[in-house]
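Visitor: Hey, dropping my_file.txt in here, compact mmCIF, C-alpha atoms:
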# COMPACT_ATOMS: atom_id res chain seq x y z
CA MET A 3 -4.12 -20.32 21.07
CA SER A 4 -3.52 -21.20 24.64
CA ALA A 5 -0.93 -19.99 27.09
CA ASP A 6 0.68 -23.44 26.77
CA THR A 7 1.20 -23.27 23.02
CA PRO A 8 1.38 -19.72 21.72
CA LEU A 9 1.61 -19.39 17.96
CA ASP A 10 4.80 -18.04 16.42
CA ALA A 11 4.87 -15.27 13.81
CA GLU A 12 4.85 -17.64 10.84
CA GLN A 13 1.82 -19.51 12.19
CA VAL A 14 0.01 -16.21 12.74
CA ARG A 15 0.94 -15.08 9.25
CA ALA A 16 -0.36 -18.38 7.85
CA LEU A 17 -3.76 -17.63 9.39
CA ARG A 18 -3.84 -14.29 7.57
CA VAL A 19 -2.69 -15.74 4.26
CA ALA A 20 -5.32 -18.49 4.54
CA GLY A 21 -8.01 -15.86 5.08
CA ARG A 22 -8.79 -17.08 8.59
CA HIS A 23 -9.23 -13.52 9.85
CA ASP A 24 -11.45 -14.45 12.79
CA GLU A 25 -8.51 -16.47 14.16
CA HIS A 26 -5.80 -14.13 12.88
CA LEU A 27 -6.82 -11.10 14.94
CA PRO A 28 -6.69 -12.70 18.40
CA ALA A 29 -3.56 -14.67 17.49
CA ALA A 30 -1.81 -11.51 16.25
CA LEU A 31 -2.79 -9.55 19.36
CA GLU A 32 -1.55 -12.38 21.59
CA LEU A 33 1.71 -12.52 19.65
CA VAL A 34 2.35 -8.77 19.82
CA ALA A 35 1.56 -8.72 23.55
CA ALA A 36 4.18 -11.42 24.08
CA ARG A 37 6.74 -9.92 21.67
CA PRO A 38 6.22 -6.13 21.35
CA SER A 39 9.72 -5.49 19.98
CA ASP A 40 9.38 -8.03 17.19
CA PHE A 41 8.78 -6.65 13.69
CA ALA A 42 6.77 -9.69 12.57
CA ALA A 43 4.49 -9.49 15.61
CA GLN A 44 3.82 -5.78 15.03
CA ARG A 45 3.26 -6.43 11.30
CA GLU A 46 0.70 -9.14 11.99
CA ALA A 47 -1.09 -7.01 14.58
CA ALA A 48 -1.18 -4.08 12.13
CA PHE A 49 -2.59 -6.19 9.30
CA ALA A 50 -5.12 -7.89 11.62
CA CYS A 51 -6.40 -4.63 13.11
CA ASP A 52 -6.50 -3.03 9.65
CA PHE A 53 -8.56 -5.91 8.24
CA ALA A 54 -10.89 -5.73 11.25
CA GLY A 55 -11.49 -2.03 10.54
CA ASP A 56 -9.73 -0.75 13.66
CA GLU A 57 -7.43 1.64 11.81
CA HIS A 58 -6.46 3.66 14.88
CA GLN A 59 -5.16 0.53 16.59
CA ALA A 60 -3.63 -0.69 13.32
CA VAL A 61 -1.64 2.52 12.84
CA ARG A 62 -0.06 2.09 16.29
CA HIS A 63 1.24 -1.31 15.20
CA TYR A 64 2.33 0.00 11.79
CA ASP A 65 4.20 2.84 13.54
CA ALA A 66 5.93 0.32 15.81
CA ALA A 67 6.77 -2.07 12.97
CA TRP A 68 8.18 0.76 10.85
CA GLN A 69 10.31 2.02 13.75
CA LEU A 70 11.65 -1.49 14.38
CA GLY A 71 12.94 -1.59 10.81
CA CYS A 72 11.23 -3.18 7.88
CA PRO A 73 13.10 -5.97 6.07
CA PRO A 74 13.36 -5.33 2.30
CA SER A 75 11.23 -8.40 1.54
CA GLU A 76 8.35 -6.93 3.57
CA ARG A 77 8.70 -3.30 2.49
CA ARG A 78 6.18 -3.12 -0.36
CA ARG A 79 3.23 -4.62 1.48
CA LEU A 80 3.94 -3.06 4.85
CA LEU A 81 4.51 0.39 3.41
CA THR A 82 1.37 0.25 1.26
CA GLY A 83 -0.82 -0.83 4.17
CA TYR A 84 0.84 1.62 6.53
CA ALA A 85 0.46 4.61 4.21
CA SER A 86 -3.13 3.71 3.38
CA THR A 87 -3.96 3.53 7.07
CA LEU A 88 -2.14 6.81 7.75
CA ARG A 89 -4.39 8.41 5.14
CA ASN A 90 -7.48 6.88 6.69
CA VAL A 91 -6.67 8.22 10.17
CA GLY A 92 -5.98 11.73 8.86
CA ARG A 93 -2.18 11.62 8.68
CA VAL A 94 -2.36 12.43 4.97
CA ASP A 95 0.92 14.33 4.65
CA GLU A 96 2.82 11.38 6.14
CA ALA A 97 1.08 9.01 3.73
CA ILE A 98 1.99 11.22 0.76
CA ALA A 99 5.62 11.45 1.90
CA LEU A 100 5.98 7.68 2.44
CA LEU A 101 4.33 6.78 -0.85
CA SER A 102 6.22 9.43 -2.82
CA GLU A 103 9.52 8.05 -1.51
CA ALA A 104 8.36 4.49 -2.18
CA GLN A 105 7.33 5.37 -5.72
CA ALA A 106 10.67 7.03 -6.38
CA SER A 107 12.68 4.06 -5.10
CA ASP A 108 10.37 1.32 -6.48
CA PRO A 109 8.63 2.80 -9.54
CA GLY A 110 7.32 -0.48 -10.93
CA TYR A 111 5.01 -1.30 -8.02
CA LEU A 112 1.54 -0.20 -9.08
CA PRO A 113 -0.13 -0.28 -5.62
CA HIS A 114 2.18 2.56 -4.54
CA LEU A 115 0.77 4.71 -7.35
CA VAL A 116 -2.82 3.82 -6.55
CA PHE A 117 -2.49 4.62 -2.85
CA LEU A 118 -0.41 7.72 -3.58
CA SER A 119 -3.24 8.91 -5.84
CA LEU A 120 -5.75 8.36 -3.05
CA ALA A 121 -3.54 10.17 -0.52
CA LEU A 122 -3.03 13.11 -2.88
CA HIS A 123 -6.78 13.31 -3.39
CA SER A 124 -7.40 13.21 0.35
CA GLY A 125 -4.83 15.98 0.74
CA GLY A 126 -6.72 18.21 -1.69
CA HIS A 127 -4.31 17.75 -4.60
CA GLN A 128 -6.84 16.62 -7.20
CA ALA A 129 -4.80 17.36 -10.34
CA ALA A 130 -1.74 15.58 -8.91
CA ALA A 131 -3.92 12.65 -7.79
CA LEU A 132 -5.41 12.15 -11.23
CA ALA A 133 -2.04 12.69 -12.95
CA THR A 134 -0.48 10.03 -10.72
CA MET A 135 -3.24 7.56 -11.52
CA LEU A 136 -3.06 8.30 -15.26
CA GLY A 137 0.73 7.90 -15.18
CA GLY A 138 0.29 4.47 -13.65
CA LEU A 139 -2.32 3.55 -16.22
CA LEU A 140 -0.09 4.65 -19.10
CA ASP A 141 2.84 2.68 -17.69
CA LEU A 142 0.73 -0.44 -17.17
CA ALA A 143 -0.75 -0.19 -20.67
CA GLU A 144 2.73 0.06 -22.19
CA ARG A 145 3.93 -2.96 -20.19
CA CYS A 146 0.91 -4.95 -21.38
CA ALA A 147 1.48 -3.87 -24.98
CA ALA A 148 5.16 -4.83 -24.78
CA ALA A 149 4.31 -8.21 -23.26
CA ASP A 150 2.04 -9.10 -26.20
CA PRO A 151 2.79 -6.94 -29.27
CA SER A 152 0.27 -8.92 -31.36
CA ALA A 153 -2.64 -7.96 -29.10
CA PRO A 154 -4.54 -4.71 -29.60
CA HIS A 155 -3.08 -1.88 -27.51
CA PRO A 156 -4.91 -1.73 -24.15
CA LEU A 157 -5.69 1.97 -24.66
CA ASP A 158 -7.04 1.37 -28.17
CA ARG A 159 -4.95 4.12 -29.82
CA TYR A 160 -5.96 6.69 -27.20
CA GLN A 161 -2.52 6.66 -25.54
CA ARG A 162 -1.51 9.91 -27.29
CA ALA A 163 -4.60 11.77 -26.02
CA ILE A 164 -4.34 10.27 -22.54
CA THR A 165 -0.65 11.20 -22.42
CA ALA A 166 -1.52 14.79 -23.37
CA TYR A 167 -4.14 14.98 -20.60
CA TRP A 168 -1.66 13.47 -18.16
CA ARG A 169 0.94 16.13 -19.02
CA GLU A 170 -1.69 18.87 -18.69
CA LEU A 171 -2.59 17.59 -15.21
CA LEU A 172 1.07 17.44 -14.26
CA ASP A 173 1.41 21.07 -15.27
CA GLN A 174 -1.64 22.00 -13.19
CA GLY A 175 -0.21 20.16 -10.20
CA THR A 176 3.02 22.15 -10.30
CA ARG A 177 1.42 25.59 -10.54
Can I see the file as structure tokens?

Guide:
Amino acid sequence: MSADTPLDAEQVRALRVAGRHDEHLPAALELVAARPSDFAAQREAAFACDFAGDEHQAVRHYDAAWQLGCPPSERRRLLTGYASTLRNVGRVDEAIALLSEAQASDPGYLPHLVFLSLALHSGGHQAAALATMLGGLLDLAERCAAADPSAPHPLDRYQRAITAYWRELLDQGTR
């Protein structure tokens, strides 16, 4: 990365995808400094700062990327990282709202459920957090069972009991 040949967003992304995080962070920060109103630059800076453990800096880039407008092809990963980082910096209610909306509009994406469960837990909603996680587990187990009906059920005939506990937790969460 020199001033003569700055990397473009796809090259910076390639560093991240290749796991070259020591190169990704400075390249992403250089890119976002040169192109602050570019979604891809903000996305890369957010992911780089997040991976480096600088969540407060990461959330600034996530905020900017989100405000610039997230393309549908990027929505799942950006939203999951963004909401997780919001939770980690204490913006729990925002994380819960984002992930609840994401789960409602994209119910098949398991990471949304996992991070929603964590956000609910951080927000003091233990019954709802566990119910959300159990709901995801039940859904995943049913998908696995449907994909290979000849295999033993992933919950080993405990799905009825787990479903009952899940419903009980849902009831607790709404009281």

Visitor: Within 10 Å of (4.9, 9.1, 4.5), in the coordinates the file gives, what residues turn up when you count only C-alpha atoms, written out as an MDAnalysis selection string?

Guide: chainID A and resid 81 84:86 88:89 93:104 118 121

Visitor: Determine, counting all atoms listed in the file, every residue of protein, DNA or RNA that lies within 12 Å of (6.2, -7.9, 15.2) in the file coordinates, then give the result as an MDAnalysis selection string.

Guide: chainID A and resid 10:12 14:15 30:50 62:73 76 80

Visitor: So, counting all atoms listed in the file, which residue among A:Gly126, A:Pro74, A:Pro8, A:Gly138 is closest to Ser107 in chain A?

Guide: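 Residue with the minimum atom-to-atom distance to Ser107 in chain A: A:Pro74.
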
Visitor: Quick one, how far is CA of Phe117 in chain A from CA of Ala131 in chain A?

Guide: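 Between CA of Phe117 in chain A and CA of Ala131 in chain A the gap is 9.5 Å.
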
Visitor: When you draw a straight line from CA of Gly83 in chain A to CA of Glu25 in chain A, how long is it in Å?

Guide: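 Going from CA of Gly83 in chain A over to CA of Glu25 in chain A, I get 20.1 Å.
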
Visitor: With distances taken over all atoms listed in the file, which of A:His58, A:Arg78, A:His26, A:His155 is nearest to Leu9 in chain A?

Guide: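 Smallest distance to Leu9 in chain A is found for A:His26.
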
Visitor: For Pro113 in chain A, which residue among A:Leu139, A:Val19, A:Leu132, A:Val91 is the nearest when counting all atoms listed in the file?

Guide: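 So, comparing all the options, the nearest one is A:Leu139.
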
Visitor: What gap, in Å, lies between CA of Cys51 in chain A and CA of Ala20 in chain A?

Guide: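 Separation between CA of Cys51 in chain A and CA of Ala20 in chain A: 16.3 Å.
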
Visitor: I'd like the contact shell of range 167-169 of chain A - 12 Å cut-off, only C-alpha atoms, skipping same-chain residues fewer than 2 positions apart - returned as a list in words.

Guide: Ala129, Ala130, Ala131, Leu132, Ala133, Thr134, Met135, Leu136, Gly137, Gly138, Leu139, Leu140, Asp141, Tyr160, Gln161, Arg162, Ala163, Ile164, Thr165, Leu171, Leu172, Asp173, Gln174, Gly175 and Thr176 of chain A

Visitor: So that I have them on file, write out the residues from the current selection with C-alpha atoms, as an mmCIF file, keeping the file's coordinate frame.

Guide:
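The file below, out.cif, is the result:
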data_model
loop_
_atom_site.group_PDB
_atom_site.id
_atom_site.type_symbol
_atom_site.label_atom_id
_atom_site.label_comp_id
_atom_site.auth_asym_id
_atom_site.auth_seq_id
_atom_site.Cartn_x
_atom_site.Cartn_y
_atom_site.Cartn_z
ATOM 1 C CA ALA A 129 -4.800 17.360 -10.340
ATOM 2 C CA ALA A 130 -1.740 15.580 -8.910
ATOM 3 C CA ALA A 131 -3.920 12.650 -7.790
ATOM 4 C CA LEU A 132 -5.410 12.150 -11.230
ATOM 5 C CA ALA A 133 -2.040 12.690 -12.950
ATOM 6 C CA THR A 134 -0.480 10.030 -10.720
ATOM 7 C CA MET A 135 -3.240 7.560 -11.520
ATOM 8 C CA LEU A 136 -3.060 8.300 -15.260
ATOM 9 C CA GLY A 137 0.730 7.900 -15.180
ATOM 10 C CA GLY A 138 0.290 4.470 -13.650
ATOM 11 C CA LEU A 139 -2.320 3.550 -16.220
ATOM 12 C CA LEU A 140 -0.090 4.650 -19.100
ATOM 13 C CA ASP A 141 2.840 2.680 -17.690
ATOM 14 C CA TYR A 160 -5.960 6.690 -27.200
ATOM 15 C CA GLN A 161 -2.520 6.660 -25.540
ATOM 16 C CA ARG A 162 -1.510 9.910 -27.290
ATOM 17 C CA ALA A 163 -4.600 11.770 -26.020
ATOM 18 C CA ILE A 164 -4.340 10.270 -22.540
ATOM 19 C CA THR A 165 -0.650 11.200 -22.420
ATOM 20 C CA LEU A 171 -2.590 17.590 -15.210
ATOM 21 C CA LEU A 172 1.070 17.440 -14.260
ATOM 22 C CA ASP A 173 1.410 21.070 -15.270
ATOM 23 C CA GLN A 174 -1.640 22.000 -13.190
ATOM 24 C CA GLY A 175 -0.210 20.160 -10.200
ATOM 25 C CA THR A 176 3.020 22.150 -10.300
#
